Amino acid sequence: MATEFDTELQDREAAGPSFANLRRRMVEDQLRGHGITDLRVLEAMGRVPREEFVPPDLRSLAYQDGPLPIGFGQTISQPFTVAYMCQLLEPRGGEKVLEIGTGSGYSAAVLSHLAGEVFTVERIPGLAELARDHLLAYPNVHVATANGTVGLPEQAPFDGIVVTAGAPALPDEYVKELREGGRIVIPLGIDRFSQTMCRFTRLAGEMKVEELGGFLFVPLIGKVGWSESDRAQHRW
């Protein structure tokens, strides 16, 4: 004889897997299964509810392995990309990190579990305000509305800088705002189809660079990035 609990369980199964189960599956299949090995990164990705950082009508798609539109012509990066960039940054707790390109706030939320303090910059006021709302539960994250291509000099220096938009070259401002031993993770490329994920490490005042595979991002718009006319021309 079916119990009330059995009926409730059948109703849940009929409604599909929960977001928590989808998140666990994402961590195992999309991340661990594709080379994300940093246990702290995997744990952080498992703790942040991605469905809360996408538009309500797209929540059912929150754990698909791909980017999603978040309004204002911007997207939330696919989970693997977020995890990969965090893994490259190698935060171990306590660091002061700068993120360029807040978007809806998802990456900053993940970083909040990995670093001591996160400063994130968004150039679109409406999107920055949306991110602030999403990040109320993350007190070590600070959202600034500013031109991200010049970094955030009033809060420098930083132990790590992660850039979630493609740039034609590494802005000098980021180098000036990075501590000795710090890392910058940024996709670089002069064409929208040829960005390369790069990691720069500051050692003895010099910048050591590693090229780590091809990616596709929205453009870094601003003073030392792409211009709005470049954005239109390249159809980013």
# chains A, B, ... in the order shown; residues from 1 in each chain; ligands from 1

call {"tool": "residues_around", "arguments": {"residues": "A:Leu58", "least_positions_apart": "4", "cutoff": "10 Å", "atoms": "only C-alpha atoms", "output": "PyMOL selection string"}}
result
chain A and resi 51+53-54+62+68-70

call {"tool": "select_by_dssp", "arguments": {"residues": "stretch 84-161 of chain A", "states": "alpha helix (DSSP H)", "output": "PyMOL selection string"}}
result
chain A and resi 84-89+106-112+125-134

call {"tool": "atom_distance", "arguments": {"atom1": "atom CA of A:Arg132", "atom2": "atom CA of A:Tyr174"}}
result
23.5 Å

call {"tool": "atom_distance", "arguments": {"atom1": "atom CA of A:Pro55", "atom2": "atom CA of A:Ser18"}}
result
17.6 Å

call {"tool": "atom_distance", "arguments": {"atom1": "atom CA of A:Ala115", "atom2": "atom CA of A:Gly214"}}
result
26.0 Å

call {"tool": "residues_around", "arguments": {"residues": "A:Leu216", "least_positions_apart": "4", "cutoff": "12 Å", "atoms": "only C-alpha atoms", "output": "JSON, numbers by chain"}}
result
{"A": [66, 67, 75, 77, 78, 81, 164, 165, 166, 167, 186, 187, 188, 189, 190, 191, 192, 193, 194, 195, 196, 197, 220, 236]}

call {"tool": "select_by_dssp", "arguments": {"residues": "stretch 81-167 of chain A", "states": "strand (DSSP E or B)", "output": "list in words"}}
result
Lys96, Val97, Leu98, Glu99, Ile100, Glu117, Val118, Phe119, Thr120, Val121, Glu122, Val141, His142, Val143, Ala144, Thr145, Phe158, Asp159, Gly160, Ile161, Val162, Val163, Gly166 and Ala167 of chain A

call {"tool": "write_last_selection", "arguments": {"atoms": "C-alpha atoms", "output": "PDB file, in the first residue's frame"}}
result
ATOM      1  CA  LYS A  96      41.964  39.889  -2.825  1.00  0.00           C
ATOM      2  CA  VAL A  97      40.596  39.239  -6.304  1.00  0.00           C
ATOM      3  CA  LEU A  98      39.371  41.550  -9.060  1.00  0.00           C
ATOM      4  CA  GLU A  99      36.826  40.327 -11.608  1.00  0.00           C
ATOM      5  CA  ILE A 100      36.205  42.291 -14.795  1.00  0.00           C
ATOM      6  CA  GLU A 117      37.490  39.415  -0.899  1.00  0.00           C
ATOM      7  CA  VAL A 118      36.127  39.861  -4.420  1.00  0.00           C
ATOM      8  CA  PHE A 119      35.799  43.176  -6.243  1.00  0.00           C
ATOM      9  CA  THR A 120      33.843  42.868  -9.476  1.00  0.00           C
ATOM     10  CA  VAL A 121      33.356  45.539 -12.145  1.00  0.00           C
ATOM     11  CA  GLU A 122      30.434  45.850 -14.565  1.00  0.00           C
ATOM     12  CA  VAL A 141      31.698  40.510  -2.937  1.00  0.00           C
ATOM     13  CA  HIS A 142      31.673  44.203  -3.899  1.00  0.00           C
ATOM     14  CA  VAL A 143      30.142  45.337  -7.210  1.00  0.00           C
ATOM     15  CA  ALA A 144      31.384  48.514  -8.922  1.00  0.00           C
ATOM     16  CA  THR A 145      29.840  50.164 -11.969  1.00  0.00           C
ATOM     17  CA  PHE A 158      45.149  42.515  -6.212  1.00  0.00           C
ATOM     18  CA  ASP A 159      46.388  38.955  -5.775  1.00  0.00           C
ATOM     19  CA  GLY A 160      44.438  37.832  -8.829  1.00  0.00           C
ATOM     20  CA  ILE A 161      42.509  39.334 -11.735  1.00  0.00           C
ATOM     21  CA  VAL A 162      40.033  37.373 -13.837  1.00  0.00           C
ATOM     22  CA  VAL A 163      38.542  38.890 -16.993  1.00  0.00           C
ATOM     23  CA  GLY A 166      37.703  38.941 -24.704  1.00  0.00           C
ATOM     24  CA  ALA A 167      40.346  41.641 -25.187  1.00  0.00           C
TER      25      ALA A 167
END

call {"tool": "closest_residue", "arguments": {"among": "A:Glu180, A:Asp57, A:Glu28, A:Glu90", "to": "A:Arg40", "atoms": "only C-alpha atoms"}}
result
A:Glu90

call {"tool": "closest_residue", "arguments": {"among": "A:Val150, A:Ala109, A:Ile184, A:Val48", "to": "A:Ala131", "atoms": "only C-alpha atoms"}}
result
A:Ala109

call {"tool": "closest_residue", "arguments": {"among": "A:Pro139, A:Pro125, A:Gly93, A:Gly148", "to": "A:Val41", "atoms": "only C-alpha atoms"}}
result
A:Gly93
